[in-house]
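Working notes for the structure below.
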Amino acid sequence: MLRDISFSLSLPSSLAITGPNGSGKTTLLEIIAGIQRPTKGTVRLFRDDTELRRPWHHETGYVSPRLRLYDELTAQELIEFTCASRSTLRNRADEFLAMFGLTGHRKKMLSRYSSGMAQRLKCILAFISEPPILLLDEPGSNLDREGKEALFRYLESVRSERIIIIATNEKEEADFCGERISLG
Amino acid sequence: MVKTIIAHIKKDFRIEFRNRYAVSVSFSFAFTTTLAISLAAGGIPFSPQTHAVILWVIMFFTAMSGLAHIFVREEDRGTSLFLRLNSPALAVFTAKLLYNVLLFFVLQCMILPVYLFFMQLDVQSPLFFLGYVFLGGIALSSSLTILAAIVARAGARGALFPVISLPVSLPVLWVVIQGTSRSLGRAGFSSPGDMVFLLAFSGTITAVSYLLFEFVWHD
């Protein structure tokens, strides 16, 4: 249950949402993303009321452990599908695959991916359309040291032009953000 | 929007061809049933009306076993959240509808020769027979697609889908059985009313589906 939460962020900024398990970090991110509707209150993104908004829009990129991908597709096919769905050009696909170390695995079925590789791919799918708001729910989960380095290298490169919200209990991820709110 | 819809259809066919779930289950059912009826009948000739009923019972249950899969698979595997985040509801529904119409068309193309061969069926008006079969297929798959979307969001899907599908599909089955029966017999094609009904039914159910789907998908 989330109560009495109020904050505003301007572009660019970064916010860490911390709190114990069950405190509502994921729920808050999902409400911002438009996946869940708040029972009371509103979320406004660029003056757009989330009560009327659907999860599909170009403003947010979302990474979450709840997100499941298609085991029967390859990374390449999933990137092509995401780009076509979001009307994004695919010309940065190679760059993102290289950045997250998946170039050699692009034609491998996702059923053969490890959980860390799947997490890297989720990051690519969220970032490739270059949305102004990045909503990251425990983005470092399942990532090894190299994966985390790639993630933070990318986030560092875009932090001056994006709003980045990270729900986490990891100190490294929370410390990356300029602001912090704690739930629970 | 068109690119998005094409991307969805390509993705769904890729997944289907890689695991062949819907095609295998549906065709196995249709083949086994046709073979069983053919063996049980033991060469006894059926009337055109009986053939039409048997054919459409097979078609209906083939559709039941294959077409719900398109939405149920997304919910069961948890990939529906990925779709919700990446595509507008309108594109998702259009793609799933076209996929189901195409999949059922493919299934019909596999079932019909099997039925004609095993039941030694003599079609008097082949053109109208095919017209009824394929228009009936479009009407069935368009009504079952929105029902599949509703059922996928509910519990006890296996029991719910046939129960809610039957009353919606009954008018289609009634009309298409009458039409198929006439095209198999000597009566041939009498009036375009049946075909117009099938087209109107498909159009109406699709229009209502578009109005409903946004709520079914997101709420």
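By order in the structure tokens, chains are A, B, ...; within a chain, residues start at 1; ligands start at 1, following the order shown.
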
Check: What residues in chain A lie within 7 Å of chain B, counting only C-alpha atoms, written as a PyMOL selection string?
Finding: chain A and resi 55-56+67-70+72+81-82+84-86

Hey, can you spit out that residue selection with C-alpha atoms as a PDB file, in the first residue's frame?
```
ATOM      1  CA  PRO A  55       1.389   1.747 -20.639  1.00  0.00           C
ATOM      2  CA  TRP A  56       2.258   2.005 -24.289  1.00  0.00           C
ATOM      3  CA  LEU A  67       9.074  -8.587 -17.600  1.00  0.00           C
ATOM      4  CA  ARG A  68       9.176 -11.885 -19.497  1.00  0.00           C
ATOM      5  CA  LEU A  69      10.540 -12.276 -23.015  1.00  0.00           C
ATOM      6  CA  TYR A  70       9.766 -14.778 -25.787  1.00  0.00           C
ATOM      7  CA  GLU A  72      11.296 -18.911 -29.094  1.00  0.00           C
ATOM      8  CA  PHE A  81      10.063  -6.499 -33.135  1.00  0.00           C
ATOM      9  CA  THR A  82      10.524  -3.844 -30.442  1.00  0.00           C
ATOM     10  CA  ALA A  84       8.870  -1.971 -35.309  1.00  0.00           C
ATOM     11  CA  SER A  85       6.399  -1.814 -32.401  1.00  0.00           C
ATOM     12  CA  ARG A  86       7.809   1.447 -31.104  1.00  0.00           C
TER      13      ARG A  86
END
```

Next item on the list: Using backbone DSSP assignments, extract all strand (DSSP E) residues from chain A; output them as a PyMOL selection string.
Entry: chain A and resi 13-18+44-45+48-49+60-63+133-137+163-167+179-182

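Relative to atom CA of Val216 of chain B, atom CA of Phe134 of chain B is found at 27.8 Å.
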
Item checked: Backbone-only DSSP, helix (DSSP H, G or I) members of chain A, as a PyMOL selection string -> chain A and resi 25-33+75-85+93-99+103-105+110-112+115-127+145-158+171-176

Nearby residues (only C-alpha atoms) at most 9 Å from Asp71 of chain A, same-chain spacing under 4 positions excluded, as a compact mmCIF listing (two decimals) with C-alpha atoms, in the first residue's frame:
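Output file part07.txt is given in full below:
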```
# COMPACT_ATOMS: atom_id res chain seq x y z
CA MET A 109 17.20 -18.34 -29.01
CA LEU A 110 16.30 -16.70 -25.73
CA SER A 111 15.57 -20.13 -24.27
CA ARG A 112 19.34 -20.63 -24.34
CA TYR A 113 20.08 -17.33 -22.61
CA ILE B 15 6.67 -18.61 -32.41
```

Next item on the list: Give me the residues within 8 Å of Gln124 of chain B as a ChimeraX atom specification, counting only C-alpha atoms and dropping any in the same chain fewer than 5 places off.
Entry: /B:183-186,188

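Shortest separation to Ile35 of chain A among A:Phe96, A:Ala16, A:Gly101, A:Ser64 occurs at residue A:Ser64, atoms counted being only C-alpha atoms.
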
Check: Hey, what's within 12 Å of Arg145 of chain A if we count only C-alpha atoms and toss same-chain stuff fewer than 5 positions away? As a PyMOL selection string, please?
Finding: chain A and resi 100+116+120+140+150-152+172

Store the residues picked out above, limited to C-alpha atoms, as a PDB file, in the first residue's frame.
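That gives us selection_20.pdb:
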```pdb
ATOM      1  CA  PHE A 100      25.989  -5.034 -23.466  1.00  0.00           C
ATOM      2  CA  GLY A 116      22.061 -12.417 -16.793  1.00  0.00           C
ATOM      3  CA  ARG A 120      21.126  -7.382 -20.511  1.00  0.00           C
ATOM      4  CA  GLY A 140      21.401  -4.912 -11.666  1.00  0.00           C
ATOM      5  CA  ALA A 150      27.876  -1.684 -19.120  1.00  0.00           C
ATOM      6  CA  LEU A 151      24.578  -0.632 -17.559  1.00  0.00           C
ATOM      7  CA  PHE A 152      26.062   2.200 -15.516  1.00  0.00           C
ATOM      8  CA  GLU A 172      25.718   1.092  -5.824  1.00  0.00           C
TER       9      GLU A 172
END
```

Next item on the list: Kindly give the distance, in Å, that separates atom CA of Ser129 of chain A and atom CA of Thr26 of chain A, rounded to a single decimal.
Entry: 22.2 Å

Note to self: Between B:Cys109, B:Val208, B:Tyr132, B:Ala149, which residue has the minimum interatomic distance to Gly193 of chain B, considering only C-alpha atoms?
What the structure shows: B:Tyr132

Next item on the list: Between atom CA of Ala167 of chain A and atom CA of Asp137 of chain A, measure the distance and give it in Å to one decimal.
Entry: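 Computing the Euclidean distance for atom CA of Ala167 of chain A and atom CA of Asp137 of chain A yields 4.8 Å.
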
Checklist line | Selection: 12 Å around Leu103 of chain B, only C-alpha atoms, excl. self and same-chain fewer than 5 positions, as number ranges by chain | finding: B: 9, 12-13, 16-17, 20-24, 26-27, 62-63, 66-70, 95-98, 108-110, 134, 137-138, 140-142, 145

Margin query: Need the shell around Leu135 of chain A: protein/DNA/RNA residues with any atom at most 8 Å away, counting only C-alpha atoms. Skip same-chain ones fewer than 2 positions apart. Format as a PyMOL selection string?
Written below: chain A and resi 29+33+60-63+133+137+164-166

Residues of the last selection are to be written out with C-alpha atoms, as a short mmCIF file (atom, residue, chain, number, x, y, z; two decimals), in the first residue's frame.
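Final output, saved to result02.cif:
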```
data_model
loop_
_atom_site.label_atom_id
_atom_site.label_comp_id
_atom_site.auth_asym_id
_atom_site.auth_seq_id
_atom_site.Cartn_x
_atom_site.Cartn_y
_atom_site.Cartn_z
CA LEU A 29 7.28 2.25 -10.76
CA ALA A 33 4.75 3.46 -16.19
CA THR A 60 9.25 5.52 -20.82
CA GLY A 61 11.62 2.59 -21.04
CA TYR A 62 10.95 -0.07 -18.43
CA VAL A 63 13.20 -2.79 -17.04
CA ILE A 133 12.22 8.54 -18.82
CA ASP A 137 13.30 -1.97 -11.22
CA ILE A 164 16.19 8.01 -14.45
CA ILE A 165 14.20 6.33 -11.66
CA ILE A 166 15.68 3.24 -10.06
#
```
